[in-house]
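Visitor: Next up, coords_21.pdb (PDB, C-alpha atoms, pLDDT in the B column).
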ATOM      1  CA  MET A   6     116.600  95.999  65.087  1.00 93.00           C
ATOM      2  CA  LEU A   7     118.119  96.049  68.573  1.00 96.00           C
ATOM      3  CA  THR A   8     121.695  95.631  67.341  1.00 97.00           C
ATOM      4  CA  SER A   9     121.190  98.552  64.954  1.00 97.00           C
ATOM      5  CA  THR A  10     120.105 100.802  67.823  1.00 97.00           C
ATOM      6  CA  PHE A  11     122.472 103.500  69.088  1.00 97.00           C
ATOM      7  CA  ILE A  12     120.104 105.871  70.898  1.00 96.00           C
ATOM      8  CA  HIS A  13     120.558 104.063  74.205  1.00 96.00           C
ATOM      9  CA  ALA A  14     124.084 105.484  74.428  1.00 95.00           C
ATOM     10  CA  SER A  15     124.647 108.759  76.251  1.00 91.00           C
ATOM     11  CA  GLY A  16     124.644 111.743  73.915  1.00 89.00           C
ATOM     12  CA  VAL A  17     123.254 109.849  70.920  1.00 93.00           C
ATOM     13  CA  GLY A  18     119.911 111.038  69.603  1.00 93.00           C
ATOM     14  CA  PRO A  19     117.885 110.171  66.495  1.00 94.00           C
ATOM     15  CA  ALA A  20     119.913 112.483  64.220  1.00 94.00           C
ATOM     16  CA  THR A  21     123.254 110.970  65.266  1.00 94.00           C
ATOM     17  CA  GLU A  22     121.823 107.477  64.931  1.00 96.00           C
ATOM     18  CA  ARG A  23     120.649 108.186  61.366  1.00 95.00           C
ATOM     19  CA  SER A  24     124.057 109.669  60.578  1.00 95.00           C
ATOM     20  CA  LEU A  25     125.775 106.493  61.749  1.00 96.00           C
ATOM     21  CA  TRP A  26     123.466 104.344  59.639  1.00 96.00           C
ATOM     22  CA  GLY A  27     124.193 106.552  56.651  1.00 95.00           C
ATOM     23  CA  GLN A  28     127.936 106.168  57.195  1.00 96.00           C
ATOM     24  CA  GLY A  29     127.597 102.382  57.178  1.00 95.00           C
ATOM     25  CA  ALA A  30     127.495 101.666  60.902  1.00 96.00           C
ATOM     26  CA  THR A  31     124.395  99.530  60.507  1.00 95.00           C
ATOM     27  CA  THR A  32     125.028  97.303  63.546  1.00 96.00           C
ATOM     28  CA  TRP A  33     126.970  97.366  66.798  1.00 97.00           C
ATOM     29  CA  GLN A  34     129.464  94.924  65.318  1.00 96.00           C
ATOM     30  CA  ALA A  35     129.977  97.139  62.268  1.00 96.00           C
ATOM     31  CA  TYR A  36     130.665 100.134  64.487  1.00 96.00           C
ATOM     32  CA  LEU A  37     133.048  98.260  66.763  1.00 97.00           C
ATOM     33  CA  GLY A  38     134.926  96.795  63.788  1.00 96.00           C
ATOM     34  CA  ASN A  39     136.546 100.197  63.191  1.00 93.00           C
ATOM     35  CA  PRO A  40     135.524 102.706  65.896  1.00 92.00           C
ATOM     36  CA  ILE A  41     137.752 105.531  64.651  1.00 91.00           C
ATOM     37  CA  ARG A  42     136.206 105.480  61.191  1.00 93.00           C
ATOM     38  CA  TRP A  43     132.921 107.180  62.111  1.00 94.00           C
ATOM     39  CA  ARG A  44     132.409 110.925  62.026  1.00 94.00           C
ATOM     40  CA  LEU A  45     131.706 111.669  65.676  1.00 92.00           C
ATOM     41  CA  PRO A  46     133.262 113.902  68.336  1.00 86.00           C
ATOM     42  CA  ALA A  47     136.022 111.947  70.065  1.00 82.00           C
ATOM     43  CA  ARG A  48     134.301 112.048  73.458  1.00 81.00           C
ATOM     44  CA  GLN A  49     131.060 110.734  71.977  1.00 87.00           C
ATOM     45  CA  ARG A  50     132.932 108.042  70.064  1.00 87.00           C
ATOM     46  CA  ASP A  51     134.579 106.720  73.227  1.00 86.00           C
ATOM     47  CA  SER A  52     131.292 106.714  75.150  1.00 89.00           C
ATOM     48  CA  LEU A  53     129.473 104.921  72.361  1.00 95.00           C
ATOM     49  CA  GLN A  54     132.175 102.297  72.042  1.00 94.00           C
ATOM     50  CA  ALA A  55     131.944 101.505  75.756  1.00 95.00           C
ATOM     51  CA  THR A  56     128.138 101.321  75.629  1.00 97.00           C
ATOM     52  CA  LEU A  57     128.127  98.980  72.645  1.00 97.00           C
ATOM     53  CA  CYS A  58     130.660  96.630  74.210  1.00 97.00           C
ATOM     54  CA  GLU A  59     128.534  96.569  77.350  1.00 98.00           C
ATOM     55  CA  SER A  60     125.377  96.033  75.283  1.00 98.00           C
ATOM     56  CA  LEU A  61     126.813  93.020  73.500  1.00 98.00           C
ATOM     57  CA  GLN A  62     127.740  91.447  76.818  1.00 98.00           C
ATOM     58  CA  HIS A  63     124.222  91.955  78.215  1.00 98.00           C
ATOM     59  CA  LEU A  64     122.639  90.649  75.029  1.00 98.00           C
ATOM     60  CA  ASP A  65     124.853  87.554  75.074  1.00 97.00           C
ATOM     61  CA  GLN A  66     123.779  86.919  78.678  1.00 97.00           C
ATOM     62  CA  ARG A  67     120.094  87.575  77.889  1.00 97.00           C
ATOM     63  CA  ARG A  68     119.784  90.392  80.442  1.00 98.00           C
ATOM     64  CA  VAL A  69     116.591  92.072  79.338  1.00 98.00           C
ATOM     65  CA  ALA A  70     116.568  94.390  82.370  1.00 98.00           C
ATOM     66  CA  TYR A  71     119.594  96.256  80.993  1.00 98.00           C
ATOM     67  CA  PHE A  72     117.810  97.069  77.749  1.00 98.00           C
ATOM     68  CA  ALA A  73     114.511  97.830  79.480  1.00 98.00           C
ATOM     69  CA  ARG A  74     116.331 100.583  81.380  1.00 97.00           C
ATOM     70  CA  GLN A  75     118.800 101.778  78.744  1.00 97.00           C
ATOM     71  CA  VAL A  76     116.610 101.900  75.635  1.00 98.00           C
ATOM     72  CA  PRO A  77     113.991 104.694  75.723  1.00 97.00           C
ATOM     73  CA  ARG A  78     110.637 103.088  76.531  1.00 97.00           C
ATOM     74  CA  ARG A  79     109.037 104.417  73.374  1.00 97.00           C
ATOM     75  CA  GLU A  80     111.658 102.418  71.453  1.00 98.00           C
ATOM     76  CA  HIS A  81     111.347  99.104  73.306  1.00 98.00           C
ATOM     77  CA  TRP A  82     109.772  97.620  70.181  1.00 98.00           C
ATOM     78  CA  ARG A  83     113.254  97.498  68.676  1.00 97.00           C
ATOM     79  CA  ALA A  84     114.236  94.741  71.129  1.00 97.00           C
ATOM     80  CA  ILE A  85     111.321  92.381  70.546  1.00 96.00           C
ATOM     81  CA  SER A  86     113.145  90.212  68.004  1.00 93.00           C
ATOM     82  CA  ALA A  87     116.112  89.826  70.376  1.00 97.00           C
ATOM     83  CA  PHE A  88     113.845  89.015  73.337  1.00 97.00           C
ATOM     84  CA  PRO A  89     110.857  87.207  71.816  1.00 95.00           C
ATOM     85  CA  ASN A  90     109.539  85.721  75.083  1.00 97.00           C
ATOM     86  CA  ILE A  91     106.789  88.337  75.110  1.00 98.00           C
ATOM     87  CA  GLY A  92     103.330  88.302  76.705  1.00 98.00           C
ATOM     88  CA  TYR A  93     100.348  90.079  75.173  1.00 98.00           C
ATOM     89  CA  LEU A  94      98.480  91.563  78.098  1.00 98.00           C
ATOM     90  CA  ASP A  95      95.049  93.066  78.737  1.00 98.00           C
ATOM     91  CA  ILE A  96      92.906  93.528  81.826  1.00 98.00           C
ATOM     92  CA  GLU A  97      89.215  94.049  82.494  1.00 98.00           C
ATOM     93  CA  THR A  98      87.798  95.897  85.499  1.00 98.00           C
ATOM     94  CA  ASP A  99      84.532  96.296  87.359  1.00 97.00           C
ATOM     95  CA  GLY A 100      84.396  99.972  86.397  1.00 96.00           C
ATOM     96  CA  GLY A 101      86.177 101.198  89.517  1.00 96.00           C
ATOM     97  CA  TYR A 102      89.703 102.537  89.966  1.00 94.00           C
ATOM     98  CA  GLY A 103      90.758 100.920  93.228  1.00 94.00           C
ATOM     99  CA  ASP A 104      93.329  98.248  93.930  1.00 93.00           C
ATOM    100  CA  GLU A 105      90.627  95.558  93.869  1.00 96.00           C
ATOM    101  CA  SER A 106      88.991  96.656  90.604  1.00 98.00           C
ATOM    102  CA  ILE A 107      90.641  94.131  88.263  1.00 98.00           C
ATOM    103  CA  THR A 108      88.254  91.341  87.284  1.00 98.00           C
ATOM    104  CA  VAL A 109      90.114  89.522  84.497  1.00 98.00           C
ATOM    105  CA  ILE A 110      93.725  89.438  83.301  1.00 98.00           C
ATOM    106  CA  GLY A 111      94.407  87.955  79.882  1.00 98.00           C
ATOM    107  CA  LEU A 112      97.947  86.887  78.982  1.00 98.00           C
ATOM    108  CA  TYR A 113      98.880  85.340  75.639  1.00 98.00           C
ATOM    109  CA  ALA A 114     102.441  84.022  75.581  1.00 98.00           C
ATOM    110  CA  GLY A 115     104.219  81.265  73.727  1.00 95.00           C
ATOM    111  CA  GLY A 116     101.077  80.449  71.792  1.00 95.00           C
ATOM    112  CA  GLU A 117      99.205  79.785  75.034  1.00 97.00           C
ATOM    113  CA  MET A 118      96.275  81.776  76.401  1.00 98.00           C
ATOM    114  CA  ARG A 119      96.112  82.215  80.163  1.00 98.00           C
ATOM    115  CA  THR A 120      93.142  83.800  81.909  1.00 98.00           C
ATOM    116  CA  TYR A 121      93.213  84.998  85.515  1.00 98.00           C
ATOM    117  CA  ILE A 122      89.940  85.804  87.273  1.00 98.00           C
ATOM    118  CA  ARG A 123      89.208  87.688  90.481  1.00 97.00           C
ATOM    119  CA  ASN A 124      88.517  85.457  93.491  1.00 95.00           C
ATOM    120  CA  GLU A 125      89.872  82.462  91.584  1.00 97.00           C
ATOM    121  CA  ASN A 126      93.462  82.621  90.338  1.00 98.00           C
ATOM    122  CA  LEU A 127      94.374  86.287  89.887  1.00 97.00           C
ATOM    123  CA  ILE A 128      97.424  85.865  92.110  1.00 97.00           C
ATOM    124  CA  ASP A 129      98.917  83.329  89.672  1.00 98.00           C
ATOM    125  CA  PHE A 130      99.644  86.164  87.267  1.00 98.00           C
ATOM    126  CA  LEU A 131     102.478  87.323  89.536  1.00 96.00           C
ATOM    127  CA  ALA A 132     104.559  84.198  89.009  1.00 96.00           C
ATOM    128  CA  ASP A 133     103.681  83.721  85.348  1.00 97.00           C
ATOM    129  CA  CYS A 134     104.583  87.240  84.245  1.00 97.00           C
ATOM    130  CA  ARG A 135     108.025  87.063  85.853  1.00 96.00           C
ATOM    131  CA  ALA A 136     108.998  84.379  83.356  1.00 96.00           C
ATOM    132  CA  LEU A 137     108.573  86.786  80.426  1.00 98.00           C
ATOM    133  CA  ASP A 138     110.984  89.244  78.808  1.00 98.00           C
ATOM    134  CA  GLY A 139     108.308  91.863  78.238  1.00 98.00           C
ATOM    135  CA  PHE A 140     104.735  92.768  77.451  1.00 98.00           C
ATOM    136  CA  VAL A 141     102.687  94.138  74.604  1.00 98.00           C
ATOM    137  CA  THR A 142      99.619  96.178  75.544  1.00 98.00           C
ATOM    138  CA  PHE A 143      97.250  98.659  74.009  1.00 98.00           C
ATOM    139  CA  PHE A 144      97.319 101.839  76.128  1.00 98.00           C
ATOM    140  CA  GLY A 145      98.825  99.767  78.900  1.00 98.00           C
ATOM    141  CA  THR A 146     100.956 102.729  79.964  1.00 98.00           C
ATOM    142  CA  GLY A 147      97.858 104.644  81.009  1.00 97.00           C
ATOM    143  CA  PHE A 148      95.540 101.810  82.021  1.00 97.00           C
ATOM    144  CA  ASP A 149      96.632  98.186  82.420  1.00 98.00           C
ATOM    145  CA  LEU A 150      99.999  98.616  84.121  1.00 98.00           C
ATOM    146  CA  PRO A 151      98.873 101.247  86.678  1.00 98.00           C
ATOM    147  CA  PHE A 152      95.929  99.025  87.658  1.00 98.00           C
ATOM    148  CA  LEU A 153      98.164  95.975  87.977  1.00 98.00           C
ATOM    149  CA  ILE A 154     100.715  97.837  90.087  1.00 98.00           C
ATOM    150  CA  ARG A 155      97.983  99.112  92.416  1.00 97.00           C
ATOM    151  CA  ARG A 156      96.716  95.549  92.813  1.00 97.00           C
ATOM    152  CA  PHE A 157     100.175  93.972  93.115  1.00 98.00           C
ATOM    153  CA  PRO A 158     102.790  96.601  94.132  1.00 98.00           C
ATOM    154  CA  THR A 159     105.713  94.211  93.539  1.00 97.00           C
ATOM    155  CA  LEU A 160     104.925  94.409  89.825  1.00 98.00           C
ATOM    156  CA  HIS A 161     106.408  97.915  89.723  1.00 98.00           C
ATOM    157  CA  ARG A 162     109.901  96.418  89.664  1.00 97.00           C
ATOM    158  CA  VAL A 163     108.871  93.568  87.354  1.00 98.00           C
ATOM    159  CA  PHE A 164     107.598  95.988  84.723  1.00 98.00           C
ATOM    160  CA  ALA A 165     110.603  98.287  85.164  1.00 98.00           C
ATOM    161  CA  GLU A 166     112.951  95.401  84.357  1.00 98.00           C
ATOM    162  CA  ARG A 167     111.108  94.203  81.260  1.00 98.00           C
ATOM    163  CA  LEU A 168     110.247  95.519  77.845  1.00 98.00           C
ATOM    164  CA  HIS A 169     106.905  97.233  77.372  1.00 98.00           C
ATOM    165  CA  ILE A 170     105.582  97.819  73.876  1.00 98.00           C
ATOM    166  CA  ASP A 171     102.450  99.982  74.009  1.00 98.00           C
ATOM    167  CA  LEU A 172     100.697  99.698  70.656  1.00 98.00           C
ATOM    168  CA  CYS A 173      98.542 102.805  71.114  1.00 98.00           C
ATOM    169  CA  PRO A 174     101.245 105.506  70.755  1.00 98.00           C
ATOM    170  CA  LEU A 175     103.170 103.394  68.248  1.00 98.00           C
ATOM    171  CA  TYR A 176     100.180 103.174  65.914  1.00 98.00           C
ATOM    172  CA  LYS A 177      99.732 106.923  66.241  1.00 97.00           C
ATOM    173  CA  ARG A 178     103.314 107.234  65.032  1.00 96.00           C
ATOM    174  CA  ILE A 179     102.338 105.616  61.726  1.00 96.00           C
ATOM    175  CA  GLY A 180      99.144 107.652  61.432  1.00 97.00           C
ATOM    176  CA  LEU A 181      96.474 105.300  62.839  1.00 97.00           C
ATOM    177  CA  THR A 182      94.531 106.597  65.822  1.00 96.00           C
ATOM    178  CA  GLY A 183      91.639 105.410  67.945  1.00 96.00           C
ATOM    179  CA  GLY A 184      90.988 102.470  70.209  1.00 96.00           C
ATOM    180  CA  LEU A 185      92.039  98.864  69.799  1.00 97.00           C
ATOM    181  CA  LYS A 186      88.898  97.771  67.950  1.00 96.00           C
ATOM    182  CA  LYS A 187      89.024 100.691  65.528  1.00 96.00           C
ATOM    183  CA  ILE A 188      92.638  99.984  64.618  1.00 97.00           C
ATOM    184  CA  GLU A 189      91.922  96.270  64.232  1.00 97.00           C
ATOM    185  CA  LYS A 190      89.338  97.119  61.585  1.00 96.00           C
ATOM    186  CA  GLN A 191      91.663  99.561  59.840  1.00 96.00           C
ATOM    187  CA  VAL A 192      94.315  96.869  59.382  1.00 96.00           C
ATOM    188  CA  GLY A 193      91.846  94.098  58.537  1.00 96.00           C
ATOM    189  CA  ILE A 194      91.797  92.065  61.755  1.00 96.00           C
ATOM    190  CA  GLY A 195      88.364  90.615  62.465  1.00 94.00           C
ATOM    191  CA  ARG A 196      86.516  89.557  65.590  1.00 95.00           C
ATOM    192  CA  SER A 197      84.219  86.609  66.215  1.00 96.00           C
ATOM    193  CA  ALA A 198      80.499  87.150  65.792  1.00 96.00           C
ATOM    194  CA  GLU A 199      79.928  86.811  69.533  1.00 96.00           C
ATOM    195  CA  THR A 200      82.401  89.526  70.546  1.00 97.00           C
ATOM    196  CA  ASP A 201      82.204  91.904  67.573  1.00 96.00           C
ATOM    197  CA  GLY A 202      80.991  95.293  68.768  1.00 95.00           C
ATOM    198  CA  LEU A 203      81.684  94.710  72.464  1.00 96.00           C
ATOM    199  CA  SER A 204      83.596  97.373  74.401  1.00 95.00           C
ATOM    200  CA  GLY A 205      85.196  97.886  77.775  1.00 95.00           C
ATOM    201  CA  MET A 206      81.871  98.991  79.198  1.00 96.00           C
ATOM    202  CA  ASP A 207      80.364  95.701  78.044  1.00 97.00           C
ATOM    203  CA  ALA A 208      83.144  93.929  79.928  1.00 98.00           C
ATOM    204  CA  VAL A 209      82.003  95.697  83.109  1.00 98.00           C
ATOM    205  CA  ARG A 210      78.396  94.683  82.423  1.00 98.00           C
ATOM    206  CA  LEU A 211      79.362  91.083  81.711  1.00 98.00           C
ATOM    207  CA  TRP A 212      81.378  90.855  84.926  1.00 98.00           C
ATOM    208  CA  ARG A 213      78.425  92.077  86.974  1.00 97.00           C
ATOM    209  CA  ALA A 214      76.124  89.637  85.210  1.00 98.00           C
ATOM    210  CA  SER A 215      78.537  86.769  85.826  1.00 98.00           C
ATOM    211  CA  GLN A 216      78.453  87.475  89.551  1.00 96.00           C
ATOM    212  CA  ARG A 217      74.690  86.959  89.727  1.00 95.00           C
ATOM    213  CA  GLY A 218      75.159  83.269  89.012  1.00 94.00           C
ATOM    214  CA  GLY A 219      72.895  80.842  87.252  1.00 97.00           C
ATOM    215  CA  ALA A 220      72.891  79.936  83.576  1.00 97.00           C
ATOM    216  CA  ALA A 221      72.845  83.592  82.521  1.00 97.00           C
ATOM    217  CA  GLY A 222      75.832  84.263  84.762  1.00 97.00           C
ATOM    218  CA  ASP A 223      77.779  81.385  83.231  1.00 97.00           C
ATOM    219  CA  THR A 224      77.016  82.671  79.734  1.00 98.00           C
ATOM    220  CA  ALA A 225      78.179  86.175  80.687  1.00 98.00           C
ATOM    221  CA  ARG A 226      81.388  84.785  82.156  1.00 98.00           C
ATOM    222  CA  GLU A 227      82.181  82.806  79.006  1.00 98.00           C
ATOM    223  CA  LEU A 228      81.554  85.836  76.802  1.00 98.00           C
ATOM    224  CA  LEU A 229      83.727  88.055  79.005  1.00 98.00           C
ATOM    225  CA  ILE A 230      86.599  85.575  78.790  1.00 98.00           C
ATOM    226  CA  ALA A 231      86.181  85.305  75.008  1.00 98.00           C
ATOM    227  CA  TYR A 232      86.191  89.098  74.666  1.00 98.00           C
ATOM    228  CA  ASN A 233      89.389  89.427  76.697  1.00 98.00           C
ATOM    229  CA  ARG A 234      91.019  86.554  74.818  1.00 98.00           C
ATOM    230  CA  GLU A 235      90.469  88.261  71.471  1.00 98.00           C
ATOM    231  CA  ASP A 236      91.900  91.505  72.847  1.00 97.00           C
ATOM    232  CA  VAL A 237      95.226  89.861  73.638  1.00 98.00           C
ATOM    233  CA  VAL A 238      95.470  87.417  70.743  1.00 98.00           C
ATOM    234  CA  ASN A 239      94.732  90.166  68.217  1.00 98.00           C
ATOM    235  CA  MET A 240      97.636  92.204  69.592  1.00 98.00           C
ATOM    236  CA  ALA A 241     100.013  89.572  68.230  1.00 97.00           C
ATOM    237  CA  ALA A 242      98.663  90.228  64.737  1.00 97.00           C
ATOM    238  CA  LEU A 243      98.761  93.987  65.297  1.00 98.00           C
ATOM    239  CA  ILE A 244     102.430  94.020  66.181  1.00 97.00           C
ATOM    240  CA  GLU A 245     103.333  91.897  63.154  1.00 96.00           C
ATOM    241  CA  HIS A 246     101.624  94.542  61.024  1.00 97.00           C
ATOM    242  CA  LEU A 247     103.275  97.404  62.901  1.00 97.00           C
ATOM    243  CA  LEU A 248     106.956  96.495  63.225  1.00 96.00           C
ATOM    244  CA  PRO A 249     108.010  96.753  59.564  1.00 95.00           C
ATOM    245  CA  LYS A 250     106.215 100.090  59.272  1.00 96.00           C
ATOM    246  CA  LEU A 251     108.007 101.477  62.319  1.00 96.00           C
ATOM    247  CA  GLN A 252     111.356 100.342  60.949  1.00 94.00           C
ATOM    248  CA  ALA A 253     110.595 101.906  57.574  1.00 93.00           C
ATOM    249  CA  SER A 254     109.567 105.173  59.236  1.00 93.00           C
ATOM    250  CA  LEU A 255     113.014 105.363  60.828  1.00 92.00           C
ATOM    251  CA  GLN A 256     114.731 104.565  57.544  1.00 88.00           C
ATOM    252  CA  ALA A 257     116.553 101.975  59.583  1.00 86.00           C
ATOM    253  CA  PRO A 258     118.942  99.458  58.003  1.00 85.00           C
ATOM    254  CA  SER A 259     117.052  96.623  56.367  1.00 71.00           C
ATOM    255  CA  THR A 260     119.831  94.196  57.267  1.00 51.00           C
ATOM    256  CA  ALA A 261     119.134  94.498  61.035  1.00 43.00           C
TER     257      ALA A 261
END
Transcribe the structure of this file into structure tokens.
Guide:
Amino acid sequence: MLTSTFIHASGVGPATERSLWGQGATTWQAYLGNPIRWRLPARQRDSLQATLCESLQHLDQRRVAYFARQVPRREHWRAISAFPNIGYLDIETDGGYGDESITVIGLYAGGEMRTYIRNENLIDFLADCRALDGFVTFFGTGFDLPFLIRRFPTLHRVFAERLHIDLCPLYKRIGLTGGLKKIEKQVGIGRSAETDGLSGMDAVRLWRASQRGGAAGDTARELLIAYNREDVVNMAALIEHLLPKLQASLQAPSTA
């Protein structure tokens, strides 16, 4: 889908992009094969040609930061097939809003689940996330990323230079609203018996219980980690369900 995207060029909006698709400019290569063919103002045509040549160079060199900045953030999903080194990300907190409130970070990437826990290995997330091309979250724009940046200010630049696909507004775009668990049920994604019905408030309770120690504390810790793990792993299934529907809603070229 990325190489069928034109809205990252100056002066090109959704209507112009759809017009180009309709004229047969279904990819950057198709457009550049005969730039004077397309019905566009001359100034816009020249600008678009320069942007597409630049885009192909950055794609060839795997420079995700270029696309993270150029492509509107709400459309970052279009680049996920070109930059598949993506981490599914979710955090838990102790119920506070300060820079020390994060208790657990879950990161699912490359088929591997990584869990980072306060007072143990939370700092390791900094190095691990830099190796990724982007992140998938659910309402991460309003919750996870602001918390992470407060805790680790250097992440502001990391996130700015990587893709961010926030499932919450994207699911609203196709008519499904509500929280992560509600949408999981609507699309037929199940949870384990031990975590089914748990919420973010339960994650706060489980963290507090885990800090009291003993056998009950160990049990609470294990359940908290399992709850967070399902949050991030289920996002991988959610985006597989979502992407074809987003592409269809755009009436985008099926060949991209």
Visitor: Check the smallest atom-to-atom distance from each of A:Met6, A:Ala257, A:Leu211, A:Val192 to Gly27 (chain A) using all atoms listed in the file, then report the winner.
Guide: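 Ranking A:Met6, A:Ala257, A:Leu211, A:Val192 by distance to Gly27 (chain A), first place goes to A:Ala257.
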Visitor: Could you check which of A:Glu59, A:Glu105, A:Glu117, A:Asp171 is closest to Arg155 (chain A), using only C-alpha atoms?
Guide: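 The closest residue to Arg155 (chain A) is A:Glu105.
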Visitor: Can you work out which one of A:Asn124, A:Thr10, A:Gln34, A:Ser52 has the shortest atom-to-atom distance to Val109 (chain A), counting all atoms listed in the file?
Guide: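 Closest to Val109 (chain A) of all the choices is A:Asn124.
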Visitor: What's around region 175-181 of chain A at 12 Å? Count all atoms listed in the file, leave out sequence neighbours fewer than 4 positions away in its own chain, and write the answer as a ChimeraX atom specification.
Guide: /A:78-83,141-144,146,169-171,185-192,240,243-244,246-255
Visitor: Using C-alpha atoms, can you export the residues from the last selection as a compact mmCIF listing (two decimals), in the coordinates of the input?
Guide:
# COMPACT_ATOMS: atom_id res chain seq x y z
CA ARG A 78 110.64 103.09 76.53
CA ARG A 79 109.04 104.42 73.37
CA GLU A 80 111.66 102.42 71.45
CA HIS A 81 111.35 99.10 73.31
CA TRP A 82 109.77 97.62 70.18
CA ARG A 83 113.25 97.50 68.68
CA VAL A 141 102.69 94.14 74.60
CA THR A 142 99.62 96.18 75.54
CA PHE A 143 97.25 98.66 74.01
CA PHE A 144 97.32 101.84 76.13
CA THR A 146 100.96 102.73 79.96
CA HIS A 169 106.90 97.23 77.37
CA ILE A 170 105.58 97.82 73.88
CA ASP A 171 102.45 99.98 74.01
CA LEU A 185 92.04 98.86 69.80
CA LYS A 186 88.90 97.77 67.95
CA LYS A 187 89.02 100.69 65.53
CA ILE A 188 92.64 99.98 64.62
CA GLU A 189 91.92 96.27 64.23
CA LYS A 190 89.34 97.12 61.58
CA GLN A 191 91.66 99.56 59.84
CA VAL A 192 94.32 96.87 59.38
CA MET A 240 97.64 92.20 69.59
CA LEU A 243 98.76 93.99 65.30
CA ILE A 244 102.43 94.02 66.18
CA HIS A 246 101.62 94.54 61.02
CA LEU A 247 103.28 97.40 62.90
CA LEU A 248 106.96 96.50 63.22
CA PRO A 249 108.01 96.75 59.56
CA LYS A 250 106.22 100.09 59.27
CA LEU A 251 108.01 101.48 62.32
CA GLN A 252 111.36 100.34 60.95
CA ALA A 253 110.60 101.91 57.57
CA SER A 254 109.57 105.17 59.24
CA LEU A 255 113.01 105.36 60.83
Visitor: On this file, the PyMOL selection byres ((chain A and resi 153) around 10) gives some set of residues; write that set as number ranges by chain.
Guide: A: 96, 104-107, 110, 130-131, 145, 148-152, 154-161, 164
Visitor: Taking only C-alpha atoms into account, which of A:Asp51, A:Glu22, A:Glu245, A:Asp95 comes nearest Tyr232 (chain A)?
Guide: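 Answer, going by the shortest atom-to-atom distance: A:Asp95.
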Visitor: Work out how far apart CA of Leu127 (chain A) and CA of Gln216 (chain A) are and give it in Å to one decimal.
Guide: 16.0 Å
Visitor: Please provide the set of residues having any atom within 9 Å of Leu112 (chain A), restricted to only C-alpha atoms, with same-chain residues fewer than 6 positions apart removed, written as JSON, numbers by chain.
Guide: {"A": [92, 93, 94, 95, 96, 118, 119, 120, 121, 130, 134, 234, 237, 238]}
Visitor: Near Gly100 (chain A), within 10 Å and counting only C-alpha atoms, which residues show up once chain neighbours fewer than 3 positions away are dropped, as an NGL selection string?
Guide: :A and (97 or 103 or 106-108 or 205-206 or 208-210 or 212-213)
Visitor: Here is a test: counting all atoms listed in the file, which residue of A:Asp65, A:Asp138, A:Glu235, A:Glu166 is nearest to Asn90 (chain A)?
Guide: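 Counting all atoms listed in the file, the residue closest to Asn90 (chain A) is A:Asp138.
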Visitor: Which residues would end up in the selection if the PyMOL selection byres ((chain A and resi 72) around 12) were applied here, given that I need the answer as an MDAnalysis selection string?
Guide: chainID A and resid 7:8 10:14 56:57 59:64 66:71 73:78 80:85 87:88 138:139 165:169
Visitor: If I take CA of Leu53 (chain A) and CA of Arg162 (chain A), how far is one from the other in Å, to one decimal?
Guide: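 Separation between CA of Leu53 (chain A) and CA of Arg162 (chain A): 27.5 Å.
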Visitor: Between A:Leu137, A:Pro19, A:Ala242, A:Gly193, which residue has the minimum interatomic distance to Ala114 (chain A), considering all atoms listed in the file?
Guide: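 Smallest separation from Ala114 (chain A) among the options: A:Leu137.
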Visitor: Set up a box along x, y and z of the file covering all listed atoms of region 139-143 of chain A, add 4 Å on every one of the six sides, and write the centre and edge lengths in Å to one decimal, as JSON.
Guide:
{"center_x": 102.8, "center_y": 95.3, "center_z": 76.1, "size_x": 19.1, "size_y": 14.8, "size_z": 12.2}
